[in-house]
>>> print(open('model10.cif').read())   # mmCIF, N, CA and C atoms and all ligand atoms
data_my_file
loop_
_atom_site.label_atom_id
_atom_site.label_comp_id
_atom_site.auth_asym_id
_atom_site.auth_seq_id
_atom_site.Cartn_x
_atom_site.Cartn_y
_atom_site.Cartn_z
N MET A 1 12.49 164.89 85.74
CA MET A 1 12.14 165.06 84.30
C MET A 1 12.24 166.56 83.96
N ASP A 2 13.31 166.94 83.26
CA ASP A 2 13.46 168.36 82.95
C ASP A 2 13.15 168.68 81.50
N CYS A 3 12.58 167.72 80.78
CA CYS A 3 12.22 167.98 79.37
C CYS A 3 10.82 168.61 79.33
N ILE A 4 10.75 169.82 78.75
CA ILE A 4 9.47 170.54 78.69
C ILE A 4 8.39 169.72 77.96
N PHE A 5 8.78 169.11 76.85
CA PHE A 5 7.77 168.39 76.07
C PHE A 5 7.33 167.09 76.76
N CYS A 6 8.24 166.45 77.52
CA CYS A 6 7.81 165.29 78.32
C CYS A 6 6.81 165.74 79.39
N GLN A 7 7.02 166.94 79.91
CA GLN A 7 6.09 167.47 80.92
C GLN A 7 4.74 167.81 80.29
N ILE A 8 4.77 168.26 79.04
CA ILE A 8 3.51 168.49 78.32
C ILE A 8 2.79 167.16 78.09
N VAL A 9 3.55 166.13 77.70
CA VAL A 9 2.96 164.79 77.50
C VAL A 9 2.33 164.30 78.81
N ALA A 10 3.04 164.53 79.93
CA ALA A 10 2.56 164.07 81.24
C ALA A 10 1.38 164.91 81.75
N GLY A 11 1.17 166.07 81.13
CA GLY A 11 0.05 166.93 81.55
C GLY A 11 0.42 167.90 82.65
N SER A 12 1.70 167.94 83.04
CA SER A 12 2.09 168.85 84.13
C SER A 12 2.35 170.27 83.61
N ILE A 13 2.54 170.42 82.31
CA ILE A 13 2.58 171.75 81.68
C ILE A 13 1.44 171.76 80.67
N PRO A 14 0.60 172.81 80.69
CA PRO A 14 -0.55 172.81 79.78
C PRO A 14 -0.14 173.07 78.32
N CYS A 15 -0.98 172.64 77.42
CA CYS A 15 -0.76 172.96 76.00
C CYS A 15 -2.12 173.08 75.33
N THR A 16 -2.12 173.70 74.17
CA THR A 16 -3.35 173.76 73.37
C THR A 16 -3.31 172.58 72.41
N LYS A 17 -4.03 171.54 72.80
CA LYS A 17 -3.94 170.26 72.10
C LYS A 17 -4.67 170.26 70.76
N ILE A 18 -4.04 169.65 69.79
CA ILE A 18 -4.61 169.51 68.45
C ILE A 18 -4.99 168.06 68.17
N TYR A 19 -4.10 167.15 68.59
CA TYR A 19 -4.29 165.73 68.27
C TYR A 19 -3.56 164.90 69.33
N GLU A 20 -4.14 163.76 69.66
CA GLU A 20 -3.46 162.85 70.58
C GLU A 20 -3.86 161.42 70.29
N ASP A 21 -2.88 160.53 70.30
CA ASP A 21 -3.18 159.10 70.35
C ASP A 21 -2.19 158.47 71.33
N GLU A 22 -2.11 157.16 71.34
CA GLU A 22 -1.27 156.46 72.32
C GLU A 22 0.21 156.88 72.25
N MET A 23 0.66 157.21 71.05
CA MET A 23 2.11 157.44 70.87
C MET A 23 2.49 158.84 70.40
N VAL A 24 1.50 159.62 69.99
CA VAL A 24 1.78 160.92 69.37
C VAL A 24 0.92 162.02 69.98
N LEU A 25 1.53 163.21 70.10
CA LEU A 25 0.79 164.39 70.58
C LEU A 25 1.09 165.56 69.64
N ALA A 26 0.07 166.34 69.32
CA ALA A 26 0.28 167.56 68.53
C ALA A 26 -0.40 168.70 69.26
N PHE A 27 0.29 169.84 69.33
CA PHE A 27 -0.23 171.01 70.05
C PHE A 27 0.30 172.27 69.40
N LEU A 28 -0.38 173.39 69.70
CA LEU A 28 0.05 174.66 69.11
C LEU A 28 1.37 175.12 69.71
N ASP A 29 2.24 175.65 68.86
CA ASP A 29 3.50 176.25 69.33
C ASP A 29 3.16 177.51 70.13
N ILE A 30 3.85 177.68 71.25
CA ILE A 30 3.57 178.81 72.14
C ILE A 30 4.02 180.15 71.54
N ALA A 31 4.94 180.09 70.59
CA ALA A 31 5.44 181.32 69.94
C ALA A 31 5.35 181.14 68.42
N PRO A 32 4.12 181.20 67.90
CA PRO A 32 3.90 180.80 66.50
C PRO A 32 4.55 181.71 65.46
N VAL A 33 5.10 181.07 64.45
CA VAL A 33 5.61 181.80 63.28
C VAL A 33 4.41 182.31 62.45
N SER A 34 3.33 181.53 62.46
CA SER A 34 2.07 181.96 61.84
C SER A 34 0.93 181.27 62.58
N ALA A 35 -0.28 181.79 62.43
CA ALA A 35 -1.44 181.21 63.13
C ALA A 35 -1.59 179.74 62.74
N GLY A 36 -1.74 178.89 63.74
CA GLY A 36 -1.89 177.46 63.48
C GLY A 36 -0.59 176.67 63.60
N HIS A 37 0.54 177.38 63.74
CA HIS A 37 1.85 176.72 63.88
C HIS A 37 1.75 175.62 64.94
N THR A 38 1.98 174.40 64.50
CA THR A 38 1.74 173.22 65.35
C THR A 38 3.02 172.40 65.51
N LEU A 39 3.16 171.79 66.67
CA LEU A 39 4.28 170.87 66.91
C LEU A 39 3.73 169.46 67.05
N VAL A 40 4.37 168.51 66.39
CA VAL A 40 3.96 167.11 66.47
C VAL A 40 5.13 166.34 67.10
N ILE A 41 4.85 165.64 68.19
CA ILE A 41 5.94 164.97 68.93
C ILE A 41 5.59 163.51 69.25
N PRO A 42 6.65 162.69 69.38
CA PRO A 42 6.42 161.34 69.91
C PRO A 42 6.25 161.44 71.43
N LYS A 43 5.40 160.60 72.00
CA LYS A 43 5.20 160.66 73.46
C LYS A 43 6.39 160.06 74.22
N GLU A 44 7.20 159.26 73.52
CA GLU A 44 8.41 158.71 74.14
C GLU A 44 9.56 159.69 73.89
N HIS A 45 10.33 160.00 74.93
CA HIS A 45 11.41 160.97 74.76
C HIS A 45 12.52 160.45 73.85
N CYS A 46 12.93 161.29 72.92
CA CYS A 46 14.17 161.11 72.16
C CYS A 46 14.52 162.51 71.68
N ASP A 47 15.77 162.75 71.33
CA ASP A 47 16.11 164.14 71.02
C ASP A 47 16.12 164.45 69.52
N GLU A 48 16.57 163.49 68.70
CA GLU A 48 16.69 163.80 67.28
C GLU A 48 16.12 162.65 66.44
N VAL A 49 15.90 162.92 65.17
CA VAL A 49 15.29 161.95 64.25
C VAL A 49 15.97 160.57 64.34
N HIS A 50 17.31 160.59 64.32
CA HIS A 50 18.03 159.30 64.26
C HIS A 50 18.02 158.56 65.60
N ASN A 51 17.50 159.20 66.66
CA ASN A 51 17.42 158.53 67.96
C ASN A 51 16.01 158.05 68.29
N CYS A 52 15.09 158.30 67.39
CA CYS A 52 13.69 157.93 67.65
C CYS A 52 13.50 156.45 67.34
N SER A 53 12.80 155.74 68.21
CA SER A 53 12.55 154.32 67.93
C SER A 53 11.66 154.22 66.69
N GLU A 54 11.87 153.14 65.95
CA GLU A 54 11.13 152.94 64.70
C GLU A 54 9.62 152.99 64.94
N LYS A 55 9.22 152.38 66.05
CA LYS A 55 7.79 152.30 66.39
C LYS A 55 7.18 153.70 66.55
N TYR A 56 7.87 154.57 67.28
CA TYR A 56 7.34 155.91 67.51
C TYR A 56 7.48 156.78 66.27
N PHE A 57 8.57 156.57 65.52
CA PHE A 57 8.75 157.37 64.31
C PHE A 57 7.67 157.03 63.28
N GLU A 58 7.38 155.75 63.18
CA GLU A 58 6.32 155.33 62.26
C GLU A 58 4.96 155.88 62.69
N ALA A 59 4.71 155.83 63.99
CA ALA A 59 3.43 156.34 64.50
C ALA A 59 3.31 157.83 64.19
N LEU A 60 4.41 158.56 64.40
CA LEU A 60 4.38 160.01 64.17
C LEU A 60 4.19 160.33 62.69
N THR A 61 4.98 159.67 61.85
CA THR A 61 4.92 160.02 60.42
C THR A 61 3.62 159.53 59.78
N SER A 62 2.97 158.55 60.40
CA SER A 62 1.71 158.09 59.80
C SER A 62 0.56 159.07 60.06
N VAL A 63 0.66 159.88 61.12
CA VAL A 63 -0.42 160.85 61.37
C VAL A 63 -0.06 162.28 60.95
N LEU A 64 1.22 162.51 60.71
CA LEU A 64 1.68 163.87 60.34
C LEU A 64 0.94 164.45 59.12
N PRO A 65 0.74 163.68 58.05
CA PRO A 65 0.07 164.26 56.88
C PRO A 65 -1.34 164.77 57.17
N LYS A 66 -2.12 163.99 57.93
CA LYS A 66 -3.50 164.44 58.18
C LYS A 66 -3.52 165.65 59.12
N ILE A 67 -2.58 165.72 60.05
CA ILE A 67 -2.49 166.89 60.93
C ILE A 67 -2.08 168.11 60.11
N ALA A 68 -1.11 167.93 59.22
CA ALA A 68 -0.65 169.04 58.38
C ALA A 68 -1.78 169.58 57.51
N LEU A 69 -2.56 168.68 56.94
CA LEU A 69 -3.66 169.12 56.09
C LEU A 69 -4.73 169.85 56.91
N ALA A 70 -5.03 169.32 58.10
CA ALA A 70 -6.04 169.95 58.96
C ALA A 70 -5.59 171.35 59.39
N VAL A 71 -4.33 171.48 59.75
CA VAL A 71 -3.78 172.79 60.16
C VAL A 71 -3.89 173.76 58.99
N SER A 72 -3.44 173.31 57.84
CA SER A 72 -3.43 174.15 56.65
C SER A 72 -4.85 174.58 56.25
N ASP A 73 -5.77 173.63 56.24
CA ASP A 73 -7.17 173.93 55.88
C ASP A 73 -7.82 174.88 56.89
N ALA A 74 -7.51 174.67 58.18
CA ALA A 74 -8.16 175.46 59.24
C ALA A 74 -7.85 176.95 59.13
N VAL A 75 -6.67 177.27 58.63
CA VAL A 75 -6.30 178.69 58.53
C VAL A 75 -6.28 179.15 57.07
N SER A 76 -6.85 178.31 56.20
CA SER A 76 -6.89 178.61 54.76
C SER A 76 -5.52 179.00 54.21
N ALA A 77 -4.52 178.20 54.57
CA ALA A 77 -3.15 178.49 54.13
C ALA A 77 -2.99 178.15 52.65
N ASP A 78 -2.01 178.81 52.04
CA ASP A 78 -1.67 178.51 50.65
C ASP A 78 -0.67 177.37 50.56
N GLY A 79 -0.03 177.07 51.69
CA GLY A 79 0.96 175.99 51.75
C GLY A 79 1.42 175.84 53.19
N TYR A 80 2.35 174.94 53.40
CA TYR A 80 2.89 174.80 54.77
C TYR A 80 4.29 174.20 54.70
N ASN A 81 5.07 174.50 55.72
CA ASN A 81 6.39 173.88 55.88
C ASN A 81 6.30 172.81 56.96
N VAL A 82 6.93 171.67 56.71
CA VAL A 82 7.16 170.68 57.76
C VAL A 82 8.65 170.75 58.05
N LEU A 83 8.97 171.10 59.28
CA LEU A 83 10.35 171.42 59.61
C LEU A 83 10.76 170.68 60.87
N CYS A 84 11.97 170.14 60.87
CA CYS A 84 12.46 169.43 62.06
C CYS A 84 13.91 169.81 62.28
N ASN A 85 14.18 170.56 63.33
CA ASN A 85 15.54 170.98 63.65
C ASN A 85 16.20 169.89 64.49
N ASN A 86 17.38 169.47 64.06
CA ASN A 86 18.12 168.43 64.79
C ASN A 86 19.47 168.97 65.22
N GLY A 87 19.62 169.19 66.52
CA GLY A 87 20.89 169.70 67.05
C GLY A 87 20.89 171.22 67.14
N ARG A 88 21.67 171.71 68.11
CA ARG A 88 21.78 173.15 68.35
C ARG A 88 22.14 173.94 67.10
N ALA A 89 23.11 173.38 66.34
CA ALA A 89 23.61 174.08 65.15
C ALA A 89 22.49 174.25 64.11
N ALA A 90 21.50 173.35 64.16
CA ALA A 90 20.39 173.41 63.21
C ALA A 90 19.22 174.22 63.76
N GLY A 91 19.40 174.81 64.94
CA GLY A 91 18.35 175.66 65.51
C GLY A 91 17.44 174.96 66.50
N GLN A 92 17.82 173.73 66.92
CA GLN A 92 16.96 173.02 67.89
C GLN A 92 17.17 173.58 69.29
N LEU A 93 16.08 174.06 69.89
CA LEU A 93 16.15 174.61 71.25
C LEU A 93 15.57 173.63 72.26
N VAL A 94 14.51 172.93 71.87
CA VAL A 94 13.91 171.94 72.77
C VAL A 94 14.40 170.55 72.35
N GLU A 95 15.09 169.89 73.26
CA GLU A 95 15.75 168.63 72.90
C GLU A 95 14.84 167.42 73.07
N HIS A 96 13.63 167.55 72.57
CA HIS A 96 12.70 166.43 72.45
C HIS A 96 12.21 166.52 71.01
N LEU A 97 12.40 165.45 70.25
CA LEU A 97 12.07 165.47 68.82
C LEU A 97 10.70 166.10 68.55
N HIS A 98 10.66 167.01 67.59
CA HIS A 98 9.37 167.61 67.22
C HIS A 98 9.41 168.06 65.77
N PHE A 99 8.26 167.94 65.12
CA PHE A 99 8.10 168.43 63.76
C PHE A 99 7.21 169.67 63.83
N HIS A 100 7.71 170.77 63.25
CA HIS A 100 6.90 171.97 63.13
C HIS A 100 6.03 171.86 61.88
N ILE A 101 4.77 172.22 62.00
CA ILE A 101 3.93 172.43 60.81
C ILE A 101 3.62 173.92 60.80
N ILE A 102 4.11 174.60 59.80
CA ILE A 102 3.99 176.06 59.75
C ILE A 102 3.17 176.48 58.53
N PRO A 103 1.92 176.92 58.78
CA PRO A 103 1.09 177.37 57.65
C PRO A 103 1.71 178.59 56.96
N ARG A 104 1.63 178.61 55.65
CA ARG A 104 2.23 179.69 54.88
C ARG A 104 1.21 180.34 53.95
N MET A 105 1.33 181.64 53.82
CA MET A 105 0.50 182.39 52.88
C MET A 105 1.39 182.90 51.75
N ALA A 106 0.86 182.96 50.55
CA ALA A 106 1.66 183.44 49.42
C ALA A 106 2.25 184.81 49.75
N GLY A 107 3.53 184.96 49.55
CA GLY A 107 4.20 186.25 49.75
C GLY A 107 4.41 186.65 51.20
N ASP A 108 4.25 185.69 52.15
CA ASP A 108 4.38 186.08 53.57
C ASP A 108 5.82 186.38 54.00
N GLY A 109 6.78 186.01 53.19
CA GLY A 109 8.16 186.38 53.47
C GLY A 109 8.85 185.56 54.54
N VAL A 110 8.13 184.58 55.12
CA VAL A 110 8.75 183.73 56.14
C VAL A 110 9.83 182.88 55.46
N PHE A 111 10.96 182.71 56.08
CA PHE A 111 12.08 181.96 55.50
C PHE A 111 12.44 182.46 54.11
N SER A 112 12.47 183.75 53.93
CA SER A 112 12.69 184.29 52.58
C SER A 112 14.13 184.11 52.11
N HIS A 113 15.05 183.89 53.05
CA HIS A 113 16.44 183.71 52.64
C HIS A 113 16.81 182.23 52.61
N TRP A 114 17.03 181.69 51.46
CA TRP A 114 17.45 180.29 51.31
C TRP A 114 18.83 180.33 50.67
N PRO A 115 19.88 180.08 51.46
CA PRO A 115 21.24 180.30 50.96
C PRO A 115 21.73 179.19 50.02
N ALA A 116 21.08 179.08 48.87
CA ALA A 116 21.43 178.01 47.92
C ALA A 116 22.85 178.20 47.38
N GLY A 117 23.58 177.10 47.34
CA GLY A 117 24.96 177.16 46.86
C GLY A 117 25.15 176.34 45.59
N LYS A 118 26.41 176.05 45.27
CA LYS A 118 26.71 175.27 44.07
C LYS A 118 27.95 174.43 44.36
N TYR A 119 27.93 173.14 43.96
CA TYR A 119 29.12 172.30 44.13
C TYR A 119 30.17 172.62 43.08
N PRO A 120 31.41 172.73 43.49
CA PRO A 120 32.47 172.80 42.47
C PRO A 120 32.59 171.43 41.79
N PRO A 121 33.17 171.33 40.60
CA PRO A 121 33.27 170.04 39.90
C PRO A 121 33.85 168.94 40.79
N GLY A 122 33.17 167.78 40.82
CA GLY A 122 33.66 166.62 41.57
C GLY A 122 33.21 166.55 43.01
N LYS A 123 32.80 167.67 43.56
CA LYS A 123 32.46 167.72 44.99
C LYS A 123 31.19 166.93 45.33
N ALA A 124 30.15 167.04 44.47
CA ALA A 124 28.89 166.32 44.74
C ALA A 124 29.15 164.82 44.81
N ASP A 125 29.93 164.28 43.87
CA ASP A 125 30.25 162.85 43.87
C ASP A 125 31.02 162.45 45.12
N GLU A 126 31.96 163.31 45.51
CA GLU A 126 32.79 163.04 46.69
C GLU A 126 31.93 162.98 47.96
N VAL A 127 31.03 163.95 48.10
CA VAL A 127 30.16 164.00 49.28
C VAL A 127 29.20 162.81 49.27
N ALA A 128 28.60 162.54 48.11
CA ALA A 128 27.64 161.43 48.00
C ALA A 128 28.30 160.10 48.35
N LYS A 129 29.54 159.92 47.91
CA LYS A 129 30.29 158.68 48.20
C LYS A 129 30.45 158.51 49.71
N LYS A 130 30.80 159.61 50.39
CA LYS A 130 30.98 159.56 51.85
C LYS A 130 29.67 159.22 52.55
N ILE A 131 28.59 159.83 52.06
CA ILE A 131 27.28 159.56 52.67
C ILE A 131 26.90 158.10 52.50
N ARG A 132 27.04 157.60 51.27
CA ARG A 132 26.68 156.18 51.01
C ARG A 132 27.51 155.24 51.88
N LYS A 133 28.76 155.60 52.08
CA LYS A 133 29.66 154.78 52.91
C LYS A 133 29.21 154.74 54.37
N SER A 134 28.68 155.85 54.85
CA SER A 134 28.31 155.87 56.27
C SER A 134 26.87 155.39 56.52
N LEU A 135 26.17 155.03 55.46
CA LEU A 135 24.80 154.52 55.65
C LEU A 135 24.79 153.15 56.34
P1 LIG B 1 13.06 174.24 68.03
O1 LIG B 1 13.84 175.52 67.85
O2 LIG B 1 13.62 173.40 69.13
O3 LIG B 1 12.90 173.49 66.73
O4 LIG B 1 11.61 174.70 68.39
C1 LIG B 1 11.05 174.60 69.67
C2 LIG B 1 9.68 175.21 69.60
O5 LIG B 1 9.01 174.91 70.79
C3 LIG B 1 9.69 176.74 69.46
O6 LIG B 1 8.98 177.12 68.29
C4 LIG B 1 9.00 177.21 70.74
O7 LIG B 1 8.16 178.33 70.53
C5 LIG B 1 8.22 175.99 71.17
N1 LIG B 1 8.04 175.88 72.61
C6 LIG B 1 9.00 176.00 73.57
N2 LIG B 1 8.47 175.82 74.79
C7 LIG B 1 7.15 175.57 74.61
C8 LIG B 1 6.07 175.30 75.53
O8 LIG B 1 6.23 175.24 76.73
N3 LIG B 1 4.85 175.11 74.96
C9 LIG B 1 4.65 175.15 73.61
N4 LIG B 1 3.39 174.94 73.18
N5 LIG B 1 5.63 175.40 72.73
C10 LIG B 1 6.88 175.60 73.22
ZN ZN B 2 11.15 164.76 76.37
#
>>> encode(input="model10.cif", output="structure tokens")
Amino acid sequence: MDCIFCQIVAGSIPCTKIYEDEMVLAFLDIAPVSAGHTLVIPKEHCDEVHNCSEKYFEALTSVLPKIALAVSDAVSADGYNVLCNNGRAAGQLVEHLHFHIIPRMAGDGVFSHWPAGKYPPGKADEVAKKIRKSL
């Protein structure tokens, strides 16, 4: 078993635990973007959102809101990001599905660059058609 997060689930690597039930574990990120930065993971290994079994995904998403609120309240945050990187190109380093909960303070400058673009005429419809087709 070479997955770090599976080893955390198994208890062979320590973590600062926030929440645990039969199917879900939440713990503090070892390299926090801000105080309280938490990772929420399914206890069953999968690498990305689309590979997670429905049962574990439902279990995770059903507890995520209360964990997010608790994290945010505990550090008196002004807001929080829920972030999930899928694939290397998207910044995923640990290949076990995880949701980051990152507490945010007004004006903290975290993620300050959002490279918003614009579709040329017709492009949005073209892309949407392709997406609907592959659903
Ligand atoms: P990713 O880039 O894959 O979305 O994020 C992986 C996250 O896992 C990073 O924020 C990193 O700090 C965190 N991380 C990596 N190894 C460990 C570990 O052994 N323990 C904990 N608590 N967090 C880890
Ligand atoms: Zn794993």
>>> residues_around(input="model10.cif", residues="Asp108 in chain A", least_positions_apart="6", cutoff="12 Å", atoms="only C-alpha atoms", output="list in words")
Val33, Ser34, Ala77, Asp78, Gly79, Tyr80 and Ile102 of chain A
>>> atom_distance(input="model10.cif", atom1="atom C1 of ligand LIG 1 (chain B)", atom2="CA of Ala35 in chain A")
15.6 Å
>>> residues_near_ligand(input="model10.cif", ligand="ligand LIG 1 (chain B)", cutoff="7 Å", atoms="only N, CA and C atoms and all ligand atoms", output="list of chain:residue names")
A:Ile4, A:Phe5, A:Pro14, A:Cys15, A:Thr16, A:Phe27, A:Leu28, A:Asp29, A:Ile30, A:Ala31, A:Pro32, A:Val33, A:Leu83, A:Cys84, A:Asn85, A:Asn86, A:Ala90, A:Gly91, A:Gln92, A:Leu93, A:Val94, A:Glu95, A:His96, A:His98, A:His100
>>> atom_distance(input="model10.cif", atom1="atom C of Phe99 in chain A", atom2="atom C of Ala128 in chain A")
27.9 Å
>>> closest_atom_pairs(input="model10.cif", of="chain A", to="ligand ZN 2 (chain B)", cutoff="12 Å", atoms="only C-alpha atoms and all ligand atoms", output="CSV")
residue,atom,partner,partner_atom,distance
A:Met1,CA,B:ZN2,ZN,8.0
A:Asp2,CA,B:ZN2,ZN,7.8
A:Cys3,CA,B:ZN2,ZN,4.5
A:Ile4,CA,B:ZN2,ZN,6.5
A:Phe5,CA,B:ZN2,ZN,5.0
A:Cys6,CA,B:ZN2,ZN,3.9
A:Gln7,CA,B:ZN2,ZN,7.3
A:Ile8,CA,B:ZN2,ZN,8.7
A:Val9,CA,B:ZN2,ZN,8.3
A:Ala10,CA,B:ZN2,ZN,9.9
A:Leu25,CA,B:ZN2,ZN,11.9
A:Ile41,CA,B:ZN2,ZN,9.1
A:Pro42,CA,B:ZN2,ZN,8.7
A:Lys43,CA,B:ZN2,ZN,7.8
A:Glu44,CA,B:ZN2,ZN,7.0
A:His45,CA,B:ZN2,ZN,4.1
A:Cys46,CA,B:ZN2,ZN,6.3
A:Asp47,CA,B:ZN2,ZN,7.3
A:Glu48,CA,B:ZN2,ZN,10.7
A:Cys52,CA,B:ZN2,ZN,11.4
A:Val94,CA,B:ZN2,ZN,8.5
A:Glu95,CA,B:ZN2,ZN,6.9
A:His96,CA,B:ZN2,ZN,4.5
A:Leu97,CA,B:ZN2,ZN,7.6
A:His98,CA,B:ZN2,ZN,9.7
>>> atom_distance(input="model10.cif", atom1="CA of Trp114 in chain A", atom2="atom N of Ala26 in chain A")
28.7 Å
>>> residues_around(input="model10.cif", residues="Val71 in chain A", least_positions_apart="4", cutoff="8 Å", atoms="all atoms listed in the file", output="PyMOL selection string")
chain A and resi 35-38+65-67+75-77+101-103
>>> select_by_dssp(input="model10.cif", residues="chain A", states="helix (DSSP H, G or I)", output="number ranges by chain")
A: 4-10, 49-51, 54-74, 88-90, 123-134
>>> residues_around(input="model10.cif", residues="Leu60 in chain A", least_positions_apart="3", cutoff="6.5 Å", atoms="all atoms listed in the file", output="list in words")
Met23, Val24, Ile41, Pro42, Lys55, Tyr56, Phe57, Val63 and Leu64 of chain A
>>> decode(input="model10.cif", residues="range 37-52 of chain A", atoms="N, CA, C and O atoms", output="PDB file, in the first residue's frame")
ATOM      1  N   HIS A  37      -6.911  24.596   7.541  1.00  0.00           N
ATOM      2  CA  HIS A  37      -6.974  23.903   6.234  1.00  0.00           C
ATOM      3  C   HIS A  37      -7.133  22.401   6.467  1.00  0.00           C
ATOM      4  O   HIS A  37      -6.274  21.759   7.060  1.00  0.00           O
ATOM      5  N   THR A  38      -8.244  21.879   5.994  1.00  0.00           N
ATOM      6  CA  THR A  38      -8.637  20.492   6.286  1.00  0.00           C
ATOM      7  C   THR A  38      -8.815  19.692   5.004  1.00  0.00           C
ATOM      8  O   THR A  38      -9.227  20.241   3.978  1.00  0.00           O
ATOM      9  N   LEU A  39      -8.493  18.414   5.080  1.00  0.00           N
ATOM     10  CA  LEU A  39      -8.727  17.504   3.959  1.00  0.00           C
ATOM     11  C   LEU A  39      -9.808  16.507   4.352  1.00  0.00           C
ATOM     12  O   LEU A  39      -9.777  15.967   5.469  1.00  0.00           O
ATOM     13  N   VAL A  40     -10.763  16.292   3.463  1.00  0.00           N
ATOM     14  CA  VAL A  40     -11.839  15.333   3.712  1.00  0.00           C
ATOM     15  C   VAL A  40     -11.712  14.235   2.655  1.00  0.00           C
ATOM     16  O   VAL A  40     -11.692  14.529   1.451  1.00  0.00           O
ATOM     17  N   ILE A  41     -11.601  12.993   3.111  1.00  0.00           N
ATOM     18  CA  ILE A  41     -11.352  11.885   2.167  1.00  0.00           C
ATOM     19  C   ILE A  41     -12.308  10.710   2.403  1.00  0.00           C
ATOM     20  O   ILE A  41     -12.771  10.485   3.529  1.00  0.00           O
ATOM     21  N   PRO A  42     -12.559   9.946   1.319  1.00  0.00           N
ATOM     22  CA  PRO A  42     -13.275   8.678   1.516  1.00  0.00           C
ATOM     23  C   PRO A  42     -12.283   7.655   2.068  1.00  0.00           C
ATOM     24  O   PRO A  42     -11.104   7.687   1.711  1.00  0.00           O
ATOM     25  N   LYS A  43     -12.744   6.757   2.922  1.00  0.00           N
ATOM     26  CA  LYS A  43     -11.829   5.744   3.482  1.00  0.00           C
ATOM     27  C   LYS A  43     -11.491   4.666   2.453  1.00  0.00           C
ATOM     28  O   LYS A  43     -10.511   3.959   2.607  1.00  0.00           O
ATOM     29  N   GLU A  44     -12.319   4.550   1.409  1.00  0.00           N
ATOM     30  CA  GLU A  44     -12.023   3.595   0.330  1.00  0.00           C
ATOM     31  C   GLU A  44     -11.174   4.313  -0.715  1.00  0.00           C
ATOM     32  O   GLU A  44     -11.508   5.430  -1.128  1.00  0.00           O
ATOM     33  N   HIS A  45     -10.097   3.683  -1.165  1.00  0.00           N
ATOM     34  CA  HIS A  45      -9.221   4.341  -2.132  1.00  0.00           C
ATOM     35  C   HIS A  45      -9.895   4.539  -3.486  1.00  0.00           C
ATOM     36  O   HIS A  45     -10.511   3.641  -4.044  1.00  0.00           O
ATOM     37  N   CYS A  46      -9.766   5.746  -4.014  1.00  0.00           N
ATOM     38  CA  CYS A  46     -10.071   6.050  -5.416  1.00  0.00           C
ATOM     39  C   CYS A  46      -9.254   7.301  -5.699  1.00  0.00           C
ATOM     40  O   CYS A  46      -8.830   7.989  -4.758  1.00  0.00           O
ATOM     41  N   ASP A  47      -8.986   7.587  -6.964  1.00  0.00           N
ATOM     42  CA  ASP A  47      -8.083   8.713  -7.207  1.00  0.00           C
ATOM     43  C   ASP A  47      -8.799  10.022  -7.546  1.00  0.00           C
ATOM     44  O   ASP A  47      -8.359  11.090  -7.130  1.00  0.00           O
ATOM     45  N   GLU A  48      -9.905   9.929  -8.292  1.00  0.00           N
ATOM     46  CA  GLU A  48     -10.553  11.170  -8.720  1.00  0.00           C
ATOM     47  C   GLU A  48     -12.063  11.078  -8.523  1.00  0.00           C
ATOM     48  O   GLU A  48     -12.615   9.979  -8.347  1.00  0.00           O
ATOM     49  N   VAL A  49     -12.725  12.216  -8.589  1.00  0.00           N
ATOM     50  CA  VAL A  49     -14.170  12.298  -8.343  1.00  0.00           C
ATOM     51  C   VAL A  49     -14.955  11.242  -9.137  1.00  0.00           C
ATOM     52  O   VAL A  49     -15.810  10.548  -8.582  1.00  0.00           O
ATOM     53  N   HIS A  50     -14.617  11.124 -10.434  1.00  0.00           N
ATOM     54  CA  HIS A  50     -15.412  10.232 -11.289  1.00  0.00           C
ATOM     55  C   HIS A  50     -15.113   8.754 -11.033  1.00  0.00           C
ATOM     56  O   HIS A  50     -15.794   7.885 -11.594  1.00  0.00           O
ATOM     57  N   ASN A  51     -14.107   8.455 -10.197  1.00  0.00           N
ATOM     58  CA  ASN A  51     -13.794   7.058  -9.879  1.00  0.00           C
ATOM     59  C   ASN A  51     -14.291   6.640  -8.499  1.00  0.00           C
ATOM     60  O   ASN A  51     -14.095   5.512  -8.083  1.00  0.00           O
ATOM     61  N   CYS A  52     -14.912   7.574  -7.806  1.00  0.00           N
ATOM     62  CA  CYS A  52     -15.372   7.281  -6.444  1.00  0.00           C
ATOM     63  C   CYS A  52     -16.696   6.533  -6.511  1.00  0.00           C
ATOM     64  O   CYS A  52     -17.578   6.893  -7.296  1.00  0.00           O
TER      65      CYS A  52
END
